[in-house]
Amino acid sequence: MIPPFETFYEAHRDEIYRFLDRRLGRDRVDDAFQETFLRALRAYPRLNHGDHLRAWVFTIASRIVVDDVRRRRPTAELPELVTEDGRPAYEDLASLTEDLPPKQRAAVVLRYGYDLDYEEIGAALGSTEQAARQAASAGVRRLRKEHT
Amino acid sequence: MTVSPALDERFRAAAAAANLLDVAFDVIDDTPIGPLLVGVTDHGVCRISFDPDSEHHLDQLARQFGPRVLRSSKPVERVRRELDEYFEGRREHFDVEPDIRGLPAYNQKVLAELARVEYGRTTTYGTLAALTGNPRAARAVGTVMNRNPIPIVLPCHRVVGASGSLTGYAGGLHRKEQLLRLEGALL
């Protein structure tokens, strides 16, 4: 069961605001905040269940941060976010990590696709920095095993 | 650090303007019969409740109309204006459409008949039962009235017992009496 959007929004708006404020600064946080929740609203009816909504909305916010930063700076400054054919790294990671357990997958995508630090990933996943680090490294180990 | 009220309102307005909501709702605080929670969809008004605590309405609304339920005042403005006019005695008929999609067919039928009961008049549970096909279903009609999702606009306050007693009202008998007095149906 997906909670009413009001419930979801009230539960996460302040932490999303703080996250965007840290990443983008006071000048750009308001627009990014509105865009994050408008995107969430557009995608909301297509959700299959209400699990991991927190990580989900942080993923949306992270994508908006990446888009915003890329728009404002030459892409050369963000080589780790773009693959050689110009597709964003998180698109590759999405298919690559499909078989990972949800938490490991989220940690890997947020770390290597969105360049979030472990403290932010911990916040996104509702756990600690330490747990986020462990989930990401467990995910990477598993991917190495599967792909070698 | 938290979201400022201005930004919060800005997002809620943008969500409604972009037509992304299944239900927009708001609480109207200052009516003569107390605060009312009002919900609207693309199709019209879908909820009026005397219990303005939104928590338990949200789940119901989400189940009936879709999960994108958000408080947003702009879409509710029209209903708010019509209610204001009604309470001031300047409106006898609501122009906003009631949205009763998703209710059981029998409830829809009874509520459609109820909508024809005019301002300032009363009818009985038995009469409504007869008009909707079964004169002995007065009790079933009473249940439909009790669960009326859009009181005032769908005027279940105009339905009384065969003896003329007010019988009951989901919003409390004092409110039923107040509405009937406002309409001049009670002295």
# chains A, B, ... in the order shown; residues from 1 in each chain; ligands from 1
$ closest_atom_pairs --of "chain B" --to "chain A" --cutoff "12 Å" --atoms "only C-alpha atoms" --output "tab-separated table"
residue	atom	partner	partner_atom	distance
B:Met1	CA	A:Arg18	CA	6.5
B:Thr2	CA	A:Asp14	CA	4.9
B:Val3	CA	A:Asp14	CA	5.6
B:Ser4	CA	A:Asp14	CA	9.4
B:Pro5	CA	A:Asp14	CA	11.5
B:Ala6	CA	A:Asp30	CA	10.1
B:Leu7	CA	A:Asp30	CA	6.8
B:Asp8	CA	A:Gln34	CA	8.6
B:Glu9	CA	A:Gln34	CA	10.3
B:Arg10	CA	A:Gln34	CA	7.9
B:Phe11	CA	A:Gln34	CA	5.5
B:Arg12	CA	A:Gln34	CA	9.0
B:Ala13	CA	A:Gln34	CA	10.4
B:Ala14	CA	A:Leu38	CA	8.0
B:Ala15	CA	A:Leu38	CA	6.4
B:Ala16	CA	A:Leu38	CA	10.1
B:Ala17	CA	A:Leu38	CA	10.9
B:Ala18	CA	A:Leu38	CA	8.7
B:Asn19	CA	A:Arg42	CA	9.8
B:Leu20	CA	A:Arg42	CA	6.6
B:Leu21	CA	A:Leu41	CA	8.0
B:Asp22	CA	A:Pro45	CA	9.7
B:Val23	CA	A:Pro4	CA	9.8
B:Ala24	CA	A:Glu6	CA	9.8
B:Phe25	CA	A:Glu6	CA	10.0
B:Asp26	CA	A:Glu6	CA	11.6
B:Ser54	CA	A:Glu6	CA	9.9
B:Glu55	CA	A:Thr7	CA	8.5
B:His56	CA	A:Pro4	CA	10.5
B:His57	CA	A:Pro4	CA	9.9
B:Leu58	CA	A:Pro4	CA	6.1
B:Asp59	CA	A:Pro4	CA	6.2
B:Gln60	CA	A:Pro4	CA	9.2
B:Leu61	CA	A:Pro4	CA	8.2
B:Ala62	CA	A:Pro4	CA	5.7
B:Arg63	CA	A:Pro4	CA	8.7
B:Gln64	CA	A:Pro4	CA	11.2
B:Phe65	CA	A:Pro4	CA	10.5
B:Gly66	CA	A:Pro45	CA	7.5
B:Pro67	CA	A:Pro4	CA	4.8
B:Arg68	CA	A:Phe5	CA	5.0
B:Val69	CA	A:Phe5	CA	5.4
B:Leu70	CA	A:Glu6	CA	4.8
B:Arg71	CA	A:Glu6	CA	6.9
B:Ser72	CA	A:Glu6	CA	10.0
$ write_last_selection --atoms "N, CA and C atoms" --output "short mmCIF file (atom, residue, chain, number, x, y, z; two decimals), in the first residue's frame"
data_model
loop_
_atom_site.label_atom_id
_atom_site.label_comp_id
_atom_site.auth_asym_id
_atom_site.auth_seq_id
_atom_site.Cartn_x
_atom_site.Cartn_y
_atom_site.Cartn_z
N MET B 1 16.94 22.94 10.40
CA MET B 1 16.44 23.74 9.28
C MET B 1 15.24 23.03 8.63
N THR B 2 14.19 23.79 8.47
CA THR B 2 12.98 23.18 7.89
C THR B 2 12.49 24.00 6.70
N VAL B 3 11.56 23.40 5.97
CA VAL B 3 10.98 24.07 4.80
C VAL B 3 10.16 25.27 5.28
N SER B 4 10.36 26.41 4.66
CA SER B 4 9.60 27.60 5.07
C SER B 4 8.15 27.45 4.62
N PRO B 5 7.21 28.05 5.36
CA PRO B 5 5.80 27.99 4.95
C PRO B 5 5.61 28.49 3.52
N ALA B 6 6.38 29.51 3.12
CA ALA B 6 6.22 30.06 1.76
C ALA B 6 6.58 29.01 0.71
N LEU B 7 7.70 28.32 0.91
CA LEU B 7 8.11 27.30 -0.05
C LEU B 7 7.13 26.13 -0.05
N ASP B 8 6.68 25.77 1.13
CA ASP B 8 5.71 24.69 1.25
C ASP B 8 4.44 25.01 0.45
N GLU B 9 3.93 26.21 0.64
CA GLU B 9 2.73 26.62 -0.11
C GLU B 9 3.00 26.68 -1.60
N ARG B 10 4.18 27.14 -1.95
CA ARG B 10 4.54 27.25 -3.36
C ARG B 10 4.53 25.86 -4.03
N PHE B 11 5.09 24.87 -3.33
CA PHE B 11 5.07 23.52 -3.90
C PHE B 11 3.63 23.00 -4.03
N ARG B 12 2.83 23.21 -2.98
CA ARG B 12 1.46 22.70 -3.01
C ARG B 12 0.65 23.34 -4.14
N ALA B 13 0.87 24.63 -4.37
CA ALA B 13 0.18 25.31 -5.45
C ALA B 13 0.66 24.80 -6.81
N ALA B 14 1.98 24.59 -6.92
CA ALA B 14 2.54 24.10 -8.19
C ALA B 14 2.02 22.71 -8.52
N ALA B 15 1.90 21.87 -7.49
CA ALA B 15 1.39 20.50 -7.70
C ALA B 15 -0.03 20.54 -8.25
N ALA B 16 -0.85 21.42 -7.71
CA ALA B 16 -2.22 21.54 -8.19
C ALA B 16 -2.26 22.14 -9.59
N ALA B 17 -1.44 23.19 -9.82
CA ALA B 17 -1.43 23.87 -11.12
C ALA B 17 -0.97 22.91 -12.22
N ALA B 18 -0.07 22.00 -11.89
CA ALA B 18 0.43 21.04 -12.89
C ALA B 18 -0.54 19.87 -13.06
N ASN B 19 -1.65 19.93 -12.37
CA ASN B 19 -2.69 18.91 -12.53
C ASN B 19 -2.21 17.52 -12.11
N LEU B 20 -1.43 17.46 -11.05
CA LEU B 20 -0.81 16.20 -10.65
C LEU B 20 -1.52 15.53 -9.47
N LEU B 21 -2.64 16.10 -9.02
CA LEU B 21 -3.26 15.57 -7.80
C LEU B 21 -4.52 14.75 -8.11
N ASP B 22 -4.65 13.64 -7.40
CA ASP B 22 -5.91 12.89 -7.45
C ASP B 22 -6.95 13.59 -6.59
N VAL B 23 -6.52 14.05 -5.42
CA VAL B 23 -7.41 14.79 -4.52
C VAL B 23 -6.64 15.95 -3.89
N ALA B 24 -7.20 17.15 -3.97
CA ALA B 24 -6.67 18.28 -3.19
C ALA B 24 -7.63 18.51 -2.04
N PHE B 25 -7.08 18.76 -0.83
CA PHE B 25 -7.98 19.01 0.28
C PHE B 25 -7.49 20.21 1.09
N ASP B 26 -8.39 20.75 1.86
CA ASP B 26 -8.02 21.84 2.77
C ASP B 26 -9.03 21.87 3.90
N SER B 54 -7.16 15.47 9.51
CA SER B 54 -7.09 14.88 8.17
C SER B 54 -6.58 13.45 8.16
N GLU B 55 -5.86 13.04 9.21
CA GLU B 55 -5.16 11.75 9.18
C GLU B 55 -5.96 10.60 8.57
N HIS B 56 -7.12 10.32 9.17
CA HIS B 56 -7.80 9.12 8.72
C HIS B 56 -8.57 9.32 7.41
N HIS B 57 -8.80 10.58 7.03
CA HIS B 57 -9.43 10.82 5.73
C HIS B 57 -8.48 10.49 4.59
N LEU B 58 -7.19 10.76 4.83
CA LEU B 58 -6.22 10.64 3.74
C LEU B 58 -6.19 9.23 3.17
N ASP B 59 -6.15 8.24 4.05
CA ASP B 59 -6.10 6.85 3.58
C ASP B 59 -7.35 6.51 2.76
N GLN B 60 -8.49 6.92 3.28
CA GLN B 60 -9.75 6.66 2.57
C GLN B 60 -9.76 7.31 1.19
N LEU B 61 -9.36 8.57 1.15
CA LEU B 61 -9.36 9.29 -0.13
C LEU B 61 -8.38 8.64 -1.10
N ALA B 62 -7.22 8.23 -0.59
CA ALA B 62 -6.21 7.60 -1.45
C ALA B 62 -6.74 6.29 -2.03
N ARG B 63 -7.43 5.53 -1.19
CA ARG B 63 -7.99 4.27 -1.68
C ARG B 63 -9.05 4.50 -2.76
N GLN B 64 -9.87 5.52 -2.53
CA GLN B 64 -11.00 5.74 -3.44
C GLN B 64 -10.59 6.43 -4.75
N PHE B 65 -9.65 7.38 -4.67
CA PHE B 65 -9.38 8.21 -5.84
C PHE B 65 -7.95 8.12 -6.36
N GLY B 66 -7.03 7.53 -5.59
CA GLY B 66 -5.63 7.47 -6.01
C GLY B 66 -4.75 8.08 -4.94
N PRO B 67 -3.44 7.73 -4.94
CA PRO B 67 -2.58 8.08 -3.80
C PRO B 67 -2.11 9.54 -3.78
N ARG B 68 -2.32 10.27 -4.86
CA ARG B 68 -1.79 11.64 -4.87
C ARG B 68 -2.77 12.60 -4.20
N VAL B 69 -2.82 12.47 -2.88
CA VAL B 69 -3.70 13.28 -2.05
C VAL B 69 -2.83 14.33 -1.35
N LEU B 70 -3.12 15.60 -1.56
CA LEU B 70 -2.26 16.64 -1.01
C LEU B 70 -3.09 17.84 -0.57
N ARG B 71 -2.72 18.42 0.58
CA ARG B 71 -3.39 19.66 0.97
C ARG B 71 -2.96 20.78 0.05
N SER B 72 -3.92 21.47 -0.51
CA SER B 72 -3.63 22.57 -1.43
C SER B 72 -4.87 23.45 -1.49
#
$ residues_around --residues "region 162-173 of chain B" --least-positions-apart "5" --cutoff "6 Å" --atoms "only C-alpha atoms" --output "ChimeraX atom specification"
/B:50,124,146
$ write_last_selection --atoms "C-alpha atoms" --output "compact mmCIF listing (two decimals), in the first residue's frame"
# COMPACT_ATOMS: atom_id res chain seq x y z
CA PHE B 50 -17.03 17.73 10.20
CA THR B 124 -38.19 11.11 4.95
CA ASN B 146 -24.89 8.18 7.68
$ atom_distance --atom1 "CA of Gly89 (chain B)" --atom2 "CA of Glu177 (chain B)"
15.4 Å
$ residues_around --residues "His147 (chain A)" --least-positions-apart "6" --cutoff "12 Å" --atoms "only C-alpha atoms" --output "ChimeraX atom specification"
/A:96-97,99,140-141
$ select_by_dssp --residues "chain A" --states "alpha helix (DSSP H)" --output "tab-separated table (two decimals) with N, CA and C atoms, in the first residue's frame"
chain	number	residue	atom	x	y	z
A	5	PHE	N	0.11	10.84	-0.63
A	5	PHE	CA	1.28	11.67	-0.89
A	5	PHE	C	1.53	12.66	0.23
A	6	GLU	N	0.47	13.19	0.81
A	6	GLU	CA	0.59	14.14	1.92
A	6	GLU	C	1.45	13.56	3.05
A	7	THR	N	1.19	12.31	3.40
A	7	THR	CA	1.93	11.64	4.47
A	7	THR	C	3.40	11.49	4.12
A	8	PHE	N	3.64	11.05	2.90
A	8	PHE	CA	5.00	10.88	2.38
A	8	PHE	C	5.75	12.22	2.37
A	9	TYR	N	5.08	13.24	1.85
A	9	TYR	CA	5.68	14.57	1.74
A	9	TYR	C	6.03	15.14	3.12
A	10	GLU	N	5.08	15.05	4.03
A	10	GLU	CA	5.31	15.59	5.37
A	10	GLU	C	6.47	14.87	6.07
A	11	ALA	N	6.59	13.58	5.81
A	11	ALA	CA	7.63	12.79	6.48
A	11	ALA	C	9.02	13.15	5.99
A	12	HIS	N	9.15	13.56	4.74
A	12	HIS	CA	10.49	13.69	4.16
A	12	HIS	C	10.88	15.10	3.71
A	13	ARG	N	9.93	16.05	3.75
A	13	ARG	CA	10.27	17.36	3.13
A	13	ARG	C	11.43	18.05	3.82
A	14	ASP	N	11.50	17.99	5.15
A	14	ASP	CA	12.55	18.75	5.83
A	14	ASP	C	13.94	18.17	5.59
A	15	GLU	N	14.05	16.84	5.61
A	15	GLU	CA	15.38	16.27	5.39
A	15	GLU	C	15.82	16.43	3.93
A	16	ILE	N	14.86	16.37	3.01
A	16	ILE	CA	15.21	16.62	1.60
A	16	ILE	C	15.67	18.07	1.43
A	17	TYR	N	14.97	18.97	2.11
A	17	TYR	CA	15.36	20.38	2.04
A	17	TYR	C	16.78	20.58	2.55
A	18	ARG	N	17.08	19.96	3.70
A	18	ARG	CA	18.43	20.10	4.28
A	18	ARG	C	19.49	19.50	3.35
A	19	PHE	N	19.18	18.36	2.77
A	19	PHE	CA	20.10	17.70	1.85
A	19	PHE	C	20.39	18.60	0.64
A	20	LEU	N	19.34	19.15	0.04
A	20	LEU	CA	19.52	20.01	-1.14
A	20	LEU	C	20.24	21.31	-0.78
A	21	ASP	N	19.95	21.80	0.39
A	21	ASP	CA	20.61	23.02	0.85
A	21	ASP	C	22.12	22.80	0.99
A	22	ARG	N	22.49	21.64	1.56
A	22	ARG	CA	23.91	21.31	1.70
A	22	ARG	C	24.60	21.18	0.35
A	23	ARG	N	23.91	20.53	-0.59
A	23	ARG	CA	24.54	20.26	-1.88
A	23	ARG	C	24.55	21.47	-2.81
A	24	LEU	N	23.49	22.26	-2.76
A	24	LEU	CA	23.34	23.31	-3.78
A	24	LEU	C	23.46	24.72	-3.24
A	26	ARG	N	21.90	28.02	-0.65
A	26	ARG	CA	20.67	28.75	-0.42
A	26	ARG	C	19.99	29.26	-1.69
A	27	ASP	N	20.80	29.66	-2.69
A	27	ASP	CA	20.21	30.26	-3.90
A	27	ASP	C	19.39	29.27	-4.72
A	28	ARG	N	19.80	28.01	-4.71
A	28	ARG	CA	19.16	27.07	-5.63
A	28	ARG	C	18.28	26.04	-4.94
A	29	VAL	N	18.27	26.08	-3.62
A	29	VAL	CA	17.59	25.00	-2.90
A	29	VAL	C	16.06	25.02	-3.15
A	30	ASP	N	15.46	26.19	-3.23
A	30	ASP	CA	14.00	26.23	-3.34
A	30	ASP	C	13.50	25.59	-4.64
A	31	ASP	N	14.11	25.97	-5.75
A	31	ASP	CA	13.69	25.39	-7.03
A	31	ASP	C	13.92	23.89	-7.05
A	32	ALA	N	15.08	23.47	-6.52
A	32	ALA	CA	15.40	22.04	-6.53
A	32	ALA	C	14.42	21.26	-5.65
A	33	PHE	N	14.05	21.87	-4.54
A	33	PHE	CA	13.07	21.24	-3.63
A	33	PHE	C	11.74	21.01	-4.35
A	34	GLN	N	11.26	22.07	-4.98
A	34	GLN	CA	9.97	21.94	-5.68
A	34	GLN	C	10.06	20.91	-6.81
A	35	GLU	N	11.16	20.93	-7.54
A	35	GLU	CA	11.31	20.00	-8.66
A	35	GLU	C	11.38	18.55	-8.15
A	36	THR	N	12.06	18.35	-7.02
A	36	THR	CA	12.16	17.00	-6.45
A	36	THR	C	10.76	16.42	-6.17
A	37	PHE	N	9.93	17.22	-5.49
A	37	PHE	CA	8.63	16.67	-5.11
A	37	PHE	C	7.64	16.66	-6.28
A	38	LEU	N	7.83	17.53	-7.26
A	38	LEU	CA	6.97	17.43	-8.45
A	38	LEU	C	7.31	16.16	-9.23
A	39	ARG	N	8.62	15.86	-9.33
A	39	ARG	CA	9.00	14.60	-10.00
A	39	ARG	C	8.47	13.40	-9.24
A	40	ALA	N	8.58	13.46	-7.92
A	40	ALA	CA	8.07	12.35	-7.11
A	40	ALA	C	6.57	12.18	-7.33
A	41	LEU	N	5.87	13.30	-7.42
A	41	LEU	CA	4.42	13.27	-7.62
A	41	LEU	C	4.08	12.66	-8.98
A	42	ARG	N	4.87	13.01	-10.00
A	42	ARG	CA	4.61	12.44	-11.34
A	42	ARG	C	4.80	10.93	-11.34
A	43	ALA	N	5.82	10.47	-10.62
A	43	ALA	CA	6.13	9.04	-10.64
A	43	ALA	C	5.29	8.25	-9.64
A	53	LEU	N	10.62	4.33	0.36
A	53	LEU	CA	10.24	5.62	-0.22
A	53	LEU	C	11.27	6.70	0.11
A	54	ARG	N	11.89	6.55	1.26
A	54	ARG	CA	12.88	7.53	1.68
A	54	ARG	C	14.09	7.49	0.74
A	55	ALA	N	14.60	6.29	0.51
A	55	ALA	CA	15.74	6.16	-0.40
A	55	ALA	C	15.33	6.62	-1.81
A	56	TRP	N	14.09	6.32	-2.16
A	56	TRP	CA	13.60	6.70	-3.49
A	56	TRP	C	13.62	8.23	-3.67
A	57	VAL	N	13.09	8.95	-2.71
A	57	VAL	CA	13.02	10.40	-2.89
A	57	VAL	C	14.41	11.03	-2.79
A	58	PHE	N	15.31	10.40	-2.01
A	58	PHE	CA	16.69	10.90	-1.99
A	58	PHE	C	17.35	10.67	-3.35
A	59	THR	N	17.01	9.56	-4.00
A	59	THR	CA	17.56	9.30	-5.33
A	59	THR	C	17.11	10.38	-6.31
A	60	ILE	N	15.83	10.73	-6.23
A	60	ILE	CA	15.31	11.80	-7.10
A	60	ILE	C	16.04	13.11	-6.82
A	61	ALA	N	16.18	13.43	-5.54
A	61	ALA	CA	16.85	14.68	-5.16
A	61	ALA	C	18.30	14.67	-5.64
A	62	SER	N	18.96	13.51	-5.51
A	62	SER	CA	20.36	13.39	-5.94
A	62	SER	C	20.49	13.63	-7.44
A	63	ARG	N	19.54	13.08	-8.18
A	63	ARG	CA	19.57	13.25	-9.63
A	63	ARG	C	19.41	14.74	-9.98
A	64	ILE	N	18.57	15.41	-9.25
A	64	ILE	CA	18.37	16.84	-9.52
A	64	ILE	C	19.64	17.63	-9.18
A	65	VAL	N	20.33	17.21	-8.12
A	65	VAL	CA	21.60	17.85	-7.79
A	65	VAL	C	22.60	17.65	-8.93
A	66	VAL	N	22.69	16.40	-9.40
A	66	VAL	CA	23.63	16.10	-10.49
A	66	VAL	C	23.29	16.94	-11.72
A	67	ASP	N	22.01	16.96	-12.09
A	67	ASP	CA	21.59	17.74	-13.26
A	67	ASP	C	21.93	19.21	-13.09
A	68	ASP	N	21.65	19.71	-11.90
A	68	ASP	CA	21.88	21.13	-11.63
A	68	ASP	C	23.36	21.47	-11.72
A	69	VAL	N	24.18	20.63	-11.08
A	69	VAL	CA	25.61	20.89	-11.08
A	69	VAL	C	26.16	20.79	-12.50
A	70	ARG	N	25.68	19.80	-13.26
A	70	ARG	CA	26.18	19.62	-14.62
A	70	ARG	C	25.78	20.82	-15.50
A	71	ARG	N	24.59	21.32	-15.29
A	71	ARG	CA	24.15	22.48	-16.06
A	71	ARG	C	25.03	23.70	-15.81
A	72	ARG	N	25.52	23.80	-14.60
A	72	ARG	CA	26.23	25.02	-14.23
A	72	ARG	C	27.74	24.95	-14.42
A	89	ALA	N	26.32	8.00	-15.29
A	89	ALA	CA	26.77	6.75	-14.69
A	89	ALA	C	25.64	5.99	-14.01
A	90	TYR	N	24.68	6.72	-13.45
A	90	TYR	CA	23.64	6.01	-12.72
A	90	TYR	C	22.76	5.14	-13.62
A	91	GLU	N	22.71	5.50	-14.92
A	91	GLU	CA	21.92	4.65	-15.83
A	91	GLU	C	22.59	3.30	-16.03
A	92	ASP	N	23.91	3.31	-16.19
A	92	ASP	CA	24.62	2.05	-16.30
A	92	ASP	C	24.48	1.25	-15.02
A	93	LEU	N	24.65	1.93	-13.90
A	93	LEU	CA	24.62	1.24	-12.62
A	93	LEU	C	23.25	0.62	-12.36
A	94	ALA	N	22.21	1.27	-12.84
A	94	ALA	CA	20.87	0.75	-12.58
A	94	ALA	C	20.71	-0.67	-13.10
A	95	SER	N	21.18	-0.91	-14.34
A	95	SER	CA	21.02	-2.26	-14.87
A	95	SER	C	22.07	-3.22	-14.30
A	96	LEU	N	23.26	-2.68	-14.09
A	96	LEU	CA	24.34	-3.50	-13.56
A	96	LEU	C	24.01	-4.06	-12.18
A	102	PRO	N	18.25	-4.88	-2.13
A	102	PRO	CA	17.87	-3.46	-2.27
A	102	PRO	C	18.80	-2.47	-1.56
A	103	LYS	N	19.21	-2.79	-0.37
A	103	LYS	CA	20.03	-1.84	0.39
A	103	LYS	C	21.41	-1.68	-0.23
A	104	GLN	N	22.00	-2.81	-0.62
A	104	GLN	CA	23.32	-2.76	-1.25
A	104	GLN	C	23.22	-2.01	-2.58
A	105	ARG	N	22.14	-2.28	-3.31
A	105	ARG	CA	21.97	-1.65	-4.60
A	105	ARG	C	21.86	-0.13	-4.44
A	106	ALA	N	21.02	0.27	-3.50
A	106	ALA	CA	20.84	1.71	-3.27
A	106	ALA	C	22.17	2.36	-2.88
A	107	ALA	N	22.92	1.68	-2.01
A	107	ALA	CA	24.18	2.24	-1.54
A	107	ALA	C	25.17	2.38	-2.70
A	108	VAL	N	25.25	1.35	-3.55
A	108	VAL	CA	26.19	1.39	-4.68
A	108	VAL	C	25.80	2.50	-5.65
A	118	TYR	N	29.12	8.96	2.28
A	118	TYR	CA	28.46	7.89	3.04
A	118	TYR	C	27.51	8.43	4.11
A	119	GLU	N	27.80	9.61	4.58
A	119	GLU	CA	26.89	10.20	5.56
A	119	GLU	C	25.53	10.47	4.92
A	120	GLU	N	25.55	10.98	3.70
A	120	GLU	CA	24.29	11.27	2.99
A	120	GLU	C	23.57	9.98	2.62
A	121	ILE	N	24.36	8.98	2.21
A	121	ILE	CA	23.73	7.70	1.85
A	121	ILE	C	23.10	7.08	3.09
A	122	GLY	N	23.81	7.16	4.20
A	122	GLY	CA	23.25	6.67	5.47
A	122	GLY	C	21.92	7.34	5.76
A	123	ALA	N	21.88	8.67	5.58
A	123	ALA	CA	20.64	9.43	5.82
A	123	ALA	C	19.55	8.97	4.85
A	124	ALA	N	19.93	8.76	3.59
A	124	ALA	CA	18.94	8.37	2.58
A	124	ALA	C	18.35	7.01	2.89
A	125	LEU	N	19.17	6.13	3.44
A	125	LEU	CA	18.70	4.77	3.68
A	125	LEU	C	18.14	4.58	5.08
A	129	GLU	N	26.22	6.13	8.69
A	129	GLU	CA	27.32	6.25	7.74
A	129	GLU	C	28.07	4.92	7.61
A	130	GLN	N	28.30	4.32	8.77
A	130	GLN	CA	29.04	3.06	8.81
A	130	GLN	C	28.30	1.96	8.04
A	131	ALA	N	26.99	1.88	8.28
A	131	ALA	CA	26.19	0.85	7.61
A	131	ALA	C	26.15	1.09	6.11
A	132	ALA	N	26.11	2.35	5.69
A	132	ALA	CA	26.09	2.69	4.27
A	132	ALA	C	27.39	2.25	3.61
A	133	ARG	N	28.50	2.51	4.33
A	133	ARG	CA	29.82	2.12	3.80
A	133	ARG	C	29.89	0.60	3.62
A	134	GLN	N	29.39	-0.10	4.65
A	134	GLN	CA	29.42	-1.57	4.57
A	134	GLN	C	28.54	-2.09	3.45
A	135	ALA	N	27.34	-1.49	3.30
A	135	ALA	CA	26.43	-1.96	2.25
A	135	ALA	C	27.03	-1.74	0.87
A	136	ALA	N	27.65	-0.57	0.67
A	136	ALA	CA	28.26	-0.27	-0.63
A	136	ALA	C	29.41	-1.23	-0.92
A	137	SER	N	30.25	-1.49	0.10
A	137	SER	CA	31.40	-2.35	-0.19
A	137	SER	C	30.96	-3.80	-0.35
A	138	ALA	N	29.94	-4.23	0.39
A	138	ALA	CA	29.40	-5.58	0.18
A	138	ALA	C	28.83	-5.70	-1.24
A	139	GLY	N	28.15	-4.64	-1.69
A	139	GLY	CA	27.57	-4.63	-3.04
A	139	GLY	C	28.65	-4.72	-4.10
A	140	VAL	N	29.71	-3.94	-3.92
A	140	VAL	CA	30.79	-3.94	-4.91
A	140	VAL	C	31.48	-5.31	-4.95
A	141	ARG	N	31.72	-5.89	-3.75
A	141	ARG	CA	32.32	-7.23	-3.72
A	141	ARG	C	31.49	-8.23	-4.50
A	142	ARG	N	30.20	-8.14	-4.27
A	142	ARG	CA	29.30	-9.08	-4.93
A	142	ARG	C	29.30	-8.88	-6.44
A	143	LEU	N	29.30	-7.61	-6.87
A	143	LEU	CA	29.34	-7.31	-8.30
A	143	LEU	C	30.63	-7.85	-8.93
A	144	ARG	N	31.74	-7.69	-8.21
A	144	ARG	CA	33.03	-8.18	-8.73
A	144	ARG	C	32.95	-9.68	-8.96
A	145	LYS	N	32.37	-10.35	-7.98
A	145	LYS	CA	32.28	-11.80	-8.05
A	145	LYS	C	31.41	-12.21	-9.25
A	146	GLU	N	30.29	-11.50	-9.41
A	146	GLU	CA	29.36	-11.85	-10.48
A	146	GLU	C	29.91	-11.53	-11.87
$ atom_distance --atom1 "CA of Leu180 (chain B)" --atom2 "CA of Leu154 (chain B)"
13.6 Å
$ residues_around --residues "Arg181 (chain B)" --least-positions-apart "3" --cutoff "12 Å" --atoms "only C-alpha atoms" --output "PyMOL selection string"
chain B and resi 87+89+119-122+157-158+174-178+184-187
$ write_last_selection --atoms "C-alpha atoms" --output "CSV table (one decimal), in the first residue's frame"
chain,number,residue,atom,x,y,z
B,87,PHE,CA,-23.9,29.9,5.2
B,89,GLY,CA,-28.1,32.6,3.2
B,119,TYR,CA,-33.4,23.9,-0.1
B,120,GLY,CA,-35.7,24.5,2.8
B,121,ARG,CA,-37.6,21.3,2.3
B,122,THR,CA,-37.4,18.0,4.1
B,157,HIS,CA,-29.7,17.0,6.7
B,158,ARG,CA,-33.0,17.4,4.9
B,174,HIS,CA,-27.1,20.0,16.7
B,175,ARG,CA,-25.6,20.6,13.3
B,176,LYS,CA,-28.6,19.1,11.5
B,177,GLU,CA,-30.8,21.4,13.4
B,178,GLN,CA,-28.6,24.4,12.7
B,184,GLY,CA,-35.9,28.0,7.2
B,185,ALA,CA,-37.2,24.4,7.4
B,186,LEU,CA,-37.2,24.6,11.2
B,187,LEU,CA,-38.5,27.4,13.3
